[in-house]
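Source file entry-v7.pdb; content: PDB, C-alpha atoms and all ligand atoms.
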ATOM      1  CA  MET A   1     176.000 164.893 133.628
ATOM      2  CA  THR A   2     173.076 167.333 133.534
ATOM      3  CA  ILE A   3     172.238 169.533 130.577
ATOM      4  CA  GLN A   4     173.118 172.540 132.707
ATOM      5  CA  ASN A   5     176.598 171.183 133.398
ATOM      6  CA  ALA A   6     177.116 170.271 129.772
ATOM      7  CA  LEU A   7     176.221 173.842 128.853
ATOM      8  CA  ARG A   8     178.632 175.220 131.457
ATOM      9  CA  GLU A   9     181.399 172.955 130.201
ATOM     10  CA  GLY A  10     180.788 174.005 126.604
ATOM     11  CA  HIS A  11     180.793 177.660 127.543
ATOM     12  CA  ASN A  12     184.125 177.308 129.374
ATOM     13  CA  LEU A  13     185.777 175.422 126.527
ATOM     14  CA  LEU A  14     184.646 177.930 123.917
ATOM     15  CA  PHE A  15     185.482 180.919 126.130
ATOM     16  CA  TYR A  16     189.076 179.762 126.602
ATOM     17  CA  ALA A  17     189.328 179.011 122.876
ATOM     18  CA  GLU A  18     188.452 182.730 122.396
ATOM     19  CA  VAL A  19     185.240 182.073 120.520
ATOM     20  CA  ASP A  20     183.335 185.397 120.291
ATOM     21  CA  THR A  21     179.931 184.127 121.421
ATOM     22  CA  PRO A  22     180.620 181.154 123.743
ATOM     23  CA  VAL A  23     177.208 180.985 125.452
ATOM     24  CA  LEU A  24     175.231 181.191 122.229
ATOM     25  CA  ASP A  25     177.457 178.704 120.405
ATOM     26  CA  ALA A  26     177.421 176.176 123.274
ATOM     27  CA  THR A  27     173.636 176.407 123.451
ATOM     28  CA  VAL A  28     173.143 175.995 119.697
ATOM     29  CA  LEU A  29     175.548 173.045 119.520
ATOM     30  CA  LEU A  30     173.974 171.341 122.526
ATOM     31  CA  GLY A  31     170.571 171.788 120.908
ATOM     32  CA  GLU A  32     171.976 170.242 117.738
ATOM     33  CA  ALA A  33     173.471 167.272 119.632
ATOM     34  CA  LEU A  34     170.190 166.646 121.455
ATOM     35  CA  ASP A  35     168.050 167.559 118.438
ATOM     36  CA  ILE A  36     165.986 170.006 120.486
ATOM     37  CA  SER A  37     165.432 173.776 120.290
ATOM     38  CA  LYS A  38     167.368 176.354 122.313
ATOM     39  CA  GLU A  39     164.178 177.053 124.271
ATOM     40  CA  ARG A  40     163.781 173.372 125.190
ATOM     41  CA  ILE A  41     167.355 173.318 126.471
ATOM     42  CA  PHE A  42     166.616 176.049 129.004
ATOM     43  CA  ALA A  43     163.485 174.193 130.069
ATOM     44  CA  SER A  44     165.483 170.950 130.522
ATOM     45  CA  LEU A  45     168.543 172.151 132.481
ATOM     46  CA  PRO A  46     168.236 169.638 135.389
ATOM     47  CA  GLU A  47     167.786 166.631 133.076
ATOM     48  CA  VAL A  48     170.596 164.162 132.466
ATOM     49  CA  ILE A  49     172.234 164.110 129.030
ATOM     50  CA  ASP A  50     172.620 160.643 127.476
ATOM     51  CA  GLY A  51     176.121 159.385 126.635
ATOM     52  CA  GLU A  52     175.719 159.424 122.865
ATOM     53  CA  SER A  53     174.415 162.994 122.716
ATOM     54  CA  TYR A  54     177.160 164.115 125.082
ATOM     55  CA  GLN A  55     179.811 162.584 122.814
ATOM     56  CA  ARG A  56     178.265 164.290 119.772
ATOM     57  CA  TYR A  57     178.272 167.581 121.675
ATOM     58  CA  ARG A  58     181.925 167.207 122.698
ATOM     59  CA  ASP A  59     182.923 166.453 119.107
ATOM     60  CA  MET A  60     181.103 169.562 117.928
ATOM     61  CA  LEU A  61     182.741 171.673 120.648
ATOM     62  CA  ASP A  62     186.170 170.398 119.555
ATOM     63  CA  ARG A  63     185.447 171.417 115.984
ATOM     64  CA  ARG A  64     184.184 174.829 117.112
ATOM     65  CA  CYS A  65     187.313 175.328 119.253
ATOM     66  CA  SER A  66     189.416 174.664 116.151
ATOM     67  CA  GLY A  67     187.731 177.609 114.401
ATOM     68  CA  ILE A  68     185.006 175.908 112.362
ATOM     69  CA  PRO A  69     181.873 178.098 112.241
ATOM     70  CA  VAL A  70     178.711 176.769 113.915
ATOM     71  CA  SER A  71     176.919 176.778 110.540
ATOM     72  CA  TYR A  72     179.438 174.362 109.014
ATOM     73  CA  ILE A  73     179.234 172.109 112.084
ATOM     74  CA  ARG A  74     175.432 171.994 111.926
ATOM     75  CA  ASN A  75     175.388 172.034 108.082
ATOM     76  CA  LYS A  76     172.648 174.605 108.176
ATOM     77  CA  LYS A  77     172.090 178.344 108.337
ATOM     78  CA  GLU A  78     168.879 180.288 108.775
ATOM     79  CA  PHE A  79     168.448 182.943 106.128
ATOM     80  CA  PHE A  80     165.333 184.961 105.330
ATOM     81  CA  GLY A  81     163.279 182.639 107.529
ATOM     82  CA  LEU A  82     164.484 179.557 105.620
ATOM     83  CA  GLU A  83     166.992 176.870 106.523
ATOM     84  CA  PHE A  84     169.773 176.484 103.961
ATOM     85  CA  TYR A  85     172.169 173.546 103.787
ATOM     86  CA  VAL A  86     175.773 174.799 103.990
ATOM     87  CA  ASP A  87     179.233 173.282 104.114
ATOM     88  CA  GLU A  88     182.810 174.294 103.325
ATOM     89  CA  ARG A  89     182.006 174.503  99.621
ATOM     90  CA  VAL A  90     180.040 177.753 100.026
ATOM     91  CA  LEU A  91     180.069 181.039 101.907
ATOM     92  CA  VAL A  92     177.772 180.964 104.927
ATOM     93  CA  PRO A  93     174.795 183.248 104.142
ATOM     94  CA  ARG A  94     175.003 186.456 106.209
ATOM     95  CA  PRO A  95     172.060 188.399 107.631
ATOM     96  CA  ASP A  96     173.462 191.376 105.643
ATOM     97  CA  THR A  97     172.529 189.603 102.441
ATOM     98  CA  GLU A  98     168.864 189.675 103.435
ATOM     99  CA  THR A  99     169.134 193.370 102.471
ATOM    100  CA  LEU A 100     169.832 192.240  98.903
ATOM    101  CA  VAL A 101     166.786 189.956  98.938
ATOM    102  CA  GLU A 102     164.565 192.726 100.350
ATOM    103  CA  ALA A 103     165.812 195.191  97.734
ATOM    104  CA  LEU A 104     165.116 192.711  94.926
ATOM    105  CA  LEU A 105     161.635 191.991  96.277
ATOM    106  CA  GLY A 106     160.986 195.742  96.430
ATOM    107  CA  PHE A 107     161.942 196.105  92.753
ATOM    108  CA  ILE A 108     159.776 193.129  91.785
ATOM    109  CA  ASP A 109     156.800 194.623  93.652
ATOM    110  CA  LYS A 110     157.174 197.950  91.877
ATOM    111  CA  ASN A 111     157.687 196.359  88.455
ATOM    112  CA  PRO A 112     155.019 193.728  88.059
ATOM    113  CA  GLY A 113     155.161 191.558  84.987
ATOM    114  CA  PRO A 114     157.013 188.480  83.795
ATOM    115  CA  LEU A 115     160.509 189.480  84.927
ATOM    116  CA  LYS A 116     163.527 187.398  83.984
ATOM    117  CA  ILE A 117     166.031 187.368  86.823
ATOM    118  CA  HIS A 118     169.586 186.088  87.135
ATOM    119  CA  ASP A 119     171.576 185.771  90.352
ATOM    120  CA  THR A 120     175.284 185.232  89.814
ATOM    121  CA  CYS A 121     177.940 184.300  92.420
ATOM    122  CA  THR A 122     174.984 182.467  93.923
ATOM    123  CA  GLY A 123     176.885 180.114  96.269
ATOM    124  CA  SER A 124     174.351 178.293  98.456
ATOM    125  CA  GLY A 125     171.577 179.904  96.391
ATOM    126  CA  CYS A 126     170.197 181.840  99.350
ATOM    127  CA  VAL A 127     169.305 184.916  97.268
ATOM    128  CA  ALA A 128     167.898 183.201  94.164
ATOM    129  CA  ILE A 129     165.922 180.617  96.135
ATOM    130  CA  SER A 130     164.505 183.149  98.635
ATOM    131  CA  VAL A 131     163.316 185.388  95.795
ATOM    132  CA  LYS A 132     161.876 182.422  93.884
ATOM    133  CA  LEU A 133     159.950 181.222  96.938
ATOM    134  CA  LYS A 134     158.316 184.641  97.247
ATOM    135  CA  ASN A 135     157.651 184.809  93.479
ATOM    136  CA  PRO A 136     157.164 181.275  92.165
ATOM    137  CA  GLY A 137     155.884 182.578  88.824
ATOM    138  CA  LEU A 138     159.051 184.484  87.896
ATOM    139  CA  ASP A 139     161.767 183.110  85.616
ATOM    140  CA  ILE A 140     164.815 182.934  87.891
ATOM    141  CA  SER A 141     168.191 181.367  87.175
ATOM    142  CA  ALA A 142     171.506 181.378  88.961
ATOM    143  CA  SER A 143     175.203 180.794  88.339
ATOM    144  CA  ASP A 144     178.462 180.287  90.136
ATOM    145  CA  ILE A 145     182.020 179.758  88.972
ATOM    146  CA  SER A 146     182.489 176.945  91.484
ATOM    147  CA  ARG A 147     181.310 173.484  90.464
ATOM    148  CA  GLU A 148     181.267 172.527  94.163
ATOM    149  CA  ALA A 149     179.007 175.478  95.042
ATOM    150  CA  GLY A 150     176.681 174.269  92.279
ATOM    151  CA  LYS A 151     176.255 170.993  94.160
ATOM    152  CA  VAL A 152     175.242 172.820  97.341
ATOM    153  CA  PHE A 153     172.883 175.008  95.313
ATOM    154  CA  ALA A 154     171.252 171.835  93.934
ATOM    155  CA  ILE A 155     170.644 170.496  97.457
ATOM    156  CA  ASN A 156     168.990 173.749  98.551
ATOM    157  CA  SER A 157     166.957 174.045  95.389
ATOM    158  CA  TYR A 158     165.663 170.516  95.788
ATOM    159  CA  VAL A 159     164.964 170.741  99.528
ATOM    160  CA  LEU A 160     163.427 174.219  99.585
ATOM    161  CA  LEU A 161     161.719 174.412  96.186
ATOM    162  CA  GLY A 162     161.191 170.740  95.385
ATOM    163  CA  TYR A 163     162.824 171.075  91.948
ATOM    164  CA  GLN A 164     166.030 172.315  90.339
ATOM    165  CA  LEU A 165     166.215 176.010  89.607
ATOM    166  CA  PRO A 166     168.497 176.427  86.547
ATOM    167  CA  CYS A 167     172.042 176.988  87.775
ATOM    168  CA  TYR A 168     174.953 177.453  85.359
ATOM    169  CA  ARG A 169     178.593 176.938  86.087
ATOM    170  CA  SER A 170     179.882 180.259  84.864
ATOM    171  CA  ASP A 171     182.464 182.963  85.371
ATOM    172  CA  LEU A 172     179.952 185.746  86.111
ATOM    173  CA  LEU A 173     177.642 185.879  83.040
ATOM    174  CA  GLN A 174     180.048 184.377  80.514
ATOM    175  CA  GLN A 175     178.405 180.954  80.226
ATOM    176  CA  VAL A 176     174.870 182.158  81.000
ATOM    177  CA  PRO A 177     172.580 182.538  77.986
ATOM    178  CA  GLY A 178     169.982 185.247  77.454
ATOM    179  CA  SER A 179     169.163 188.732  78.627
ATOM    180  CA  PHE A 180     167.511 189.784  81.863
ATOM    181  CA  ASP A 181     165.299 192.329  83.581
ATOM    182  CA  LEU A 182     167.198 191.927  86.806
ATOM    183  CA  ILE A 183     170.756 190.819  87.559
ATOM    184  CA  SER A 184     171.808 190.367  91.160
ATOM    185  CA  ALA A 185     174.970 189.277  92.916
ATOM    186  CA  ASN A 186     176.676 189.071  96.241
ATOM    187  CA  PRO A 187     180.109 188.893  94.610
ATOM    188  CA  PRO A 188     183.321 188.334  96.529
ATOM    189  CA  TYR A 189     184.112 191.803  97.880
ATOM    190  CA  LEU A 190     186.695 191.509 100.612
ATOM    191  CA  LEU A 191     190.014 193.274 100.082
ATOM    192  CA  GLU A 192     193.116 191.276  99.198
ATOM    193  CA  SER A 193     194.582 192.167 102.611
ATOM    194  CA  GLU A 194     191.433 191.076 104.494
ATOM    195  CA  VAL A 195     191.410 187.693 102.759
ATOM    196  CA  ASP A 196     195.140 187.243 103.408
ATOM    197  CA  ASN A 197     194.512 187.839 107.116
ATOM    198  CA  LEU A 198     191.662 185.310 107.114
ATOM    199  CA  SER A 199     193.872 182.738 105.353
ATOM    200  CA  LYS A 200     196.530 183.172 108.028
ATOM    201  CA  ILE A 201     194.076 182.122 110.738
ATOM    202  CA  GLY A 202     192.878 179.179 108.626
ATOM    203  CA  TRP A 203     189.447 180.645 107.848
ATOM    204  CA  PRO A 204     187.434 177.772 106.376
ATOM    205  CA  GLU A 205     185.173 179.634 103.921
ATOM    206  CA  PRO A 206     186.118 179.357 100.229
ATOM    207  CA  GLU A 207     188.501 182.172  99.263
ATOM    208  CA  LEU A 208     186.865 182.232  95.869
ATOM    209  CA  ALA A 209     183.701 183.534  97.536
ATOM    210  CA  LEU A 210     185.537 186.307  99.384
ATOM    211  CA  ARG A 211     188.463 187.566  97.301
ATOM    212  CA  GLY A 212     187.396 190.743  95.526
ATOM    213  CA  GLY A 213     190.788 192.021  94.339
ATOM    214  CA  ILE A 214     192.960 194.787  95.789
ATOM    215  CA  ASP A 215     190.082 197.075  96.805
ATOM    216  CA  GLY A 216     187.355 194.429  96.802
ATOM    217  CA  THR A 217     185.446 195.717  93.787
ATOM    218  CA  ALA A 218     187.062 193.776  90.921
ATOM    219  CA  LEU A 219     184.195 191.322  90.448
ATOM    220  CA  ALA A 220     181.512 193.984  90.918
ATOM    221  CA  GLU A 221     183.164 196.141  88.255
ATOM    222  CA  ARG A 222     183.338 193.266  85.773
ATOM    223  CA  LEU A 223     179.716 192.410  86.410
ATOM    224  CA  ILE A 224     178.610 196.034  85.987
ATOM    225  CA  THR A 225     180.443 196.181  82.646
ATOM    226  CA  ASP A 226     179.120 192.828  81.406
ATOM    227  CA  SER A 227     175.547 193.432  82.596
ATOM    228  CA  ALA A 228     175.246 196.460  80.322
ATOM    229  CA  PHE A 229     175.181 193.964  77.425
ATOM    230  CA  ARG A 230     172.821 191.559  79.156
ATOM    231  CA  LEU A 231     170.178 193.770  80.764
ATOM    232  CA  LYS A 232     167.046 194.649  78.865
ATOM    233  CA  ALA A 233     166.239 198.369  78.565
ATOM    234  CA  GLY A 234     164.808 199.447  81.902
ATOM    235  CA  GLY A 235     166.371 196.447  83.640
ATOM    236  CA  ALA A 236     168.339 196.770  86.846
ATOM    237  CA  ILE A 237     171.427 195.481  88.575
ATOM    238  CA  PHE A 238     171.591 194.866  92.341
ATOM    239  CA  LEU A 239     174.945 194.289  94.026
ATOM    240  CA  GLU A 240     176.012 193.656  97.595
ATOM    241  CA  GLY A 241     179.240 195.303  98.720
ATOM    242  CA  ALA A 242     180.993 196.863 101.690
ATOM    243  CA  ALA A 243     179.906 200.316 102.856
ATOM    244  CA  GLY A 244     183.241 201.871 101.898
ATOM    245  CA  GLN A 245     182.884 200.657  98.303
ATOM    246  CA  MET A 246     179.534 202.269  97.584
ATOM    247  CA  GLU A 247     180.787 205.709  96.443
ATOM    248  CA  TRP A 248     183.169 204.081  93.998
ATOM    249  CA  LEU A 249     180.537 201.637  92.706
ATOM    250  CA  LYS A 250     178.146 204.537  92.217
ATOM    251  CA  ALA A 251     180.720 206.428  90.147
ATOM    252  CA  TYR A 252     181.507 203.290  88.182
ATOM    253  CA  LEU A 253     177.843 202.608  87.422
ATOM    254  CA  LEU A 254     177.310 206.187  86.234
ATOM    255  CA  ALA A 255     180.429 206.043  84.079
ATOM    256  CA  ARG A 256     179.103 202.875  82.429
ATOM    257  CA  GLY A 257     175.803 204.525  81.515
ATOM    258  CA  TYR A 258     173.554 203.316  84.316
ATOM    259  CA  SER A 259     171.189 205.683  86.138
ATOM    260  CA  GLU A 260     168.751 205.876  89.079
ATOM    261  CA  ILE A 261     171.299 204.654  91.591
ATOM    262  CA  GLU A 262     169.921 203.561  94.963
ATOM    263  CA  VAL A 263     171.768 202.393  98.060
ATOM    264  CA  PHE A 264     170.159 200.150 100.690
ATOM    265  CA  LYS A 265     171.293 199.834 104.298
ATOM    266  CA  ASP A 266     171.754 196.573 106.207
ATOM    267  CA  LEU A 267     170.359 195.873 109.685
ATOM    268  CA  GLY A 268     173.411 197.529 111.239
ATOM    269  CA  GLY A 269     172.636 200.770 109.359
ATOM    270  CA  ARG A 270     175.597 200.384 106.960
ATOM    271  CA  ASP A 271     175.317 200.831 103.192
ATOM    272  CA  ARG A 272     175.231 197.261 101.877
ATOM    273  CA  VAL A 273     173.461 197.055  98.516
ATOM    274  CA  ILE A 274     173.578 199.280  95.459
ATOM    275  CA  SER A 275     171.193 199.186  92.530
ATOM    276  CA  ALA A 276     171.001 200.956  89.186
ATOM    277  CA  ARG A 277     168.833 200.894  86.074
ATOM    278  CA  TRP A 278     170.001 200.301  82.558
ATOM    279  CA  ARG A 279     168.760 202.700  79.871
ATOM    280  CA  ARG A 280     165.255 203.059  81.188
ATOM    281  CA  CYS A 281     162.719 203.750  78.444
ATOM    282  CA  ALA A 282     160.884 207.065  78.780
TER     283      ALA A 282
HETATM  284  N1  LIG A 301     180.001 189.945 103.982
HETATM  285  C1  LIG A 301     181.042 188.965 103.933
HETATM  286  C2  LIG A 301     182.022 189.181 105.051
HETATM  287  O1  LIG A 301     182.098 190.253 105.565
HETATM  288  C3  LIG A 301     181.742 188.998 102.605
HETATM  289  C4  LIG A 301     180.879 188.461 101.571
HETATM  290  C5  LIG A 301     181.432 188.583 100.209
HETATM  291  O2  LIG A 301     182.621 188.815  99.968
HETATM  292  N2  LIG A 301     180.555 188.422  99.310
HETATM  293  O3  LIG A 301     182.710 188.245 105.437
END
Whole structure given in structure tokens:
Amino acid sequence: MTIQNALREGHNLLFYAEVDTPVLDATVLLGEALDISKERIFASLPEVIDGESYQRYRDMLDRRCSGIPVSYIRNKKEFFGLEFYVDERVLVPRPDTETLVEALLGFIDKNPGPLKIHDTCTGSGCVAISVKLKNPGLDISASDISREAGKVFAINSYVLLGYQLPCYRSDLLQQVPGSFDLISANPPYLLESEVDNLSKIGWPEPELALRGGIDGTALAERLITDSAFRLKAGGAIFLEGAAGQMEWLKAYLLARGYSEIEVFKDLGGRDRVISARWRRCA
């Protein structure tokens, strides 16, 4: 069988399994099976695929047809130009979350000095590790309530940084010591009903990373409340959320005594990140 035919076969299988992006997914999985880039695949269409790679490819296609995301099949996801290890223990990093990283980097640029930063609900660690790589001198720690997520974080910290960034097992900030200049989180923020619908179709991402209460803002609200006791004067909180939650989060932040609210848009032009300062000194 040629690479071209393998690609065609993969596309057909995924198309009939109602996968949203059958051509892209077949190409990425074939590249993974052959251990070559997407570009090399298109340059190698007439070549014959060896039996072992073909079998690997078919196994991956079967898993994709059963609803497993490509990132879990490949155990990797590109995020902020880096390759993170991922599996079913963590949420797959989304491009939307790069908005959170950019916003944090913007704050760091404008506030030079020895900032102490904490990223909670860290999951794979994509936010904390991306920020640390850009600012190796800053004191950055992370936390997650899931012990299993902590293990994935450790893999990414070791592979991408070469050492272990401190990561606490903690319900938001409860088990995290100290106070901070910057607290960030991509907390679970899907609505109860959205998560219930995902569960019905057997969505493989951890519910713990998605379930944000009835209107999706339960964890964000708790973190806003708790951060008021853990941010230094002039410190800031940065939260990812859904566009429809931003007005409410803004009101909530103001009611809790925060100021200088800013909202950042994702690549699709939707409000995705909100930030606020805590008792800025004059
Ligand atoms: N952005 C994710 C999604 O739409 C949700 C991430 C989260 O709840 N933190 O699936």
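Atom to atom, atom CA of Leu161 of chain A and atom CA of Pro177 of chain A stand 22.7 Å apart.
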For the provided coordinates, the residues matched by the PyMOL selection byres (((chain A and resi 80) around 8) and not hetatm) should be stated as an mmCIF file with C-alpha atoms, keeping the file's coordinate frame.
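Once everything was written out, this is part.cif:
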data_model
loop_
_atom_site.group_PDB
_atom_site.id
_atom_site.type_symbol
_atom_site.label_atom_id
_atom_site.label_comp_id
_atom_site.auth_asym_id
_atom_site.auth_seq_id
_atom_site.Cartn_x
_atom_site.Cartn_y
_atom_site.Cartn_z
ATOM 1 C CA GLU A 78 168.879 180.288 108.775
ATOM 2 C CA PHE A 79 168.448 182.943 106.128
ATOM 3 C CA GLY A 81 163.279 182.639 107.529
ATOM 4 C CA LEU A 82 164.484 179.557 105.620
ATOM 5 C CA PRO A 95 172.060 188.399 107.631
ATOM 6 C CA GLU A 98 168.864 189.675 103.435
ATOM 7 C CA SER A 130 164.505 183.149 98.635
#
Find the residues near Ser227 of chain A: any atom within 12 Å, counting only C-alpha atoms, skip ones fewer than 2 places away on the same chain, and give them as a VMD selection string. chain A and resid 118 to 120 172 to 174 176 178 to 185 219 to 225 229 to 233 235 to 239 253 256 to 258 276 to 279
Could you pull out the residues sitting within 12 Å of ligand LIG 301 (chain A), using only C-alpha atoms and all ligand atoms, and write them as JSON, numbers by chain? {"A": [90, 91, 92, 93, 94, 95, 96, 97, 98, 99, 100, 120, 121, 122, 123, 124, 127, 185, 186, 187, 188, 189, 190, 191, 192, 194, 195, 197, 198, 203, 204, 205, 206, 207, 208, 209, 210, 211, 212, 213, 215, 216, 217, 218, 219, 220, 239, 240, 241, 242, 243, 245, 266, 270, 271, 272, 273]}
So how far away is atom CA of Leu45 of chain A from atom CA of Gln4 of chain A, in Å?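 Computing it gives 4.6 Å between the two atoms.
Of the residues under consideration (A:Val70, A:Ile3, A:Leu165, A:Leu14), A:Ile3 shows the shortest atom-to-atom contact distance to Pro46 of chain A when counting all atoms listed in the file.
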Which residue, A:Phe84, A:Glu148, A:Lys110, A:Asp50, has the smallest gap to Ile129 of chain A when you use all atoms listed in the file?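 Residue with the minimum atom-to-atom distance to Ile129 of chain A: A:Phe84.
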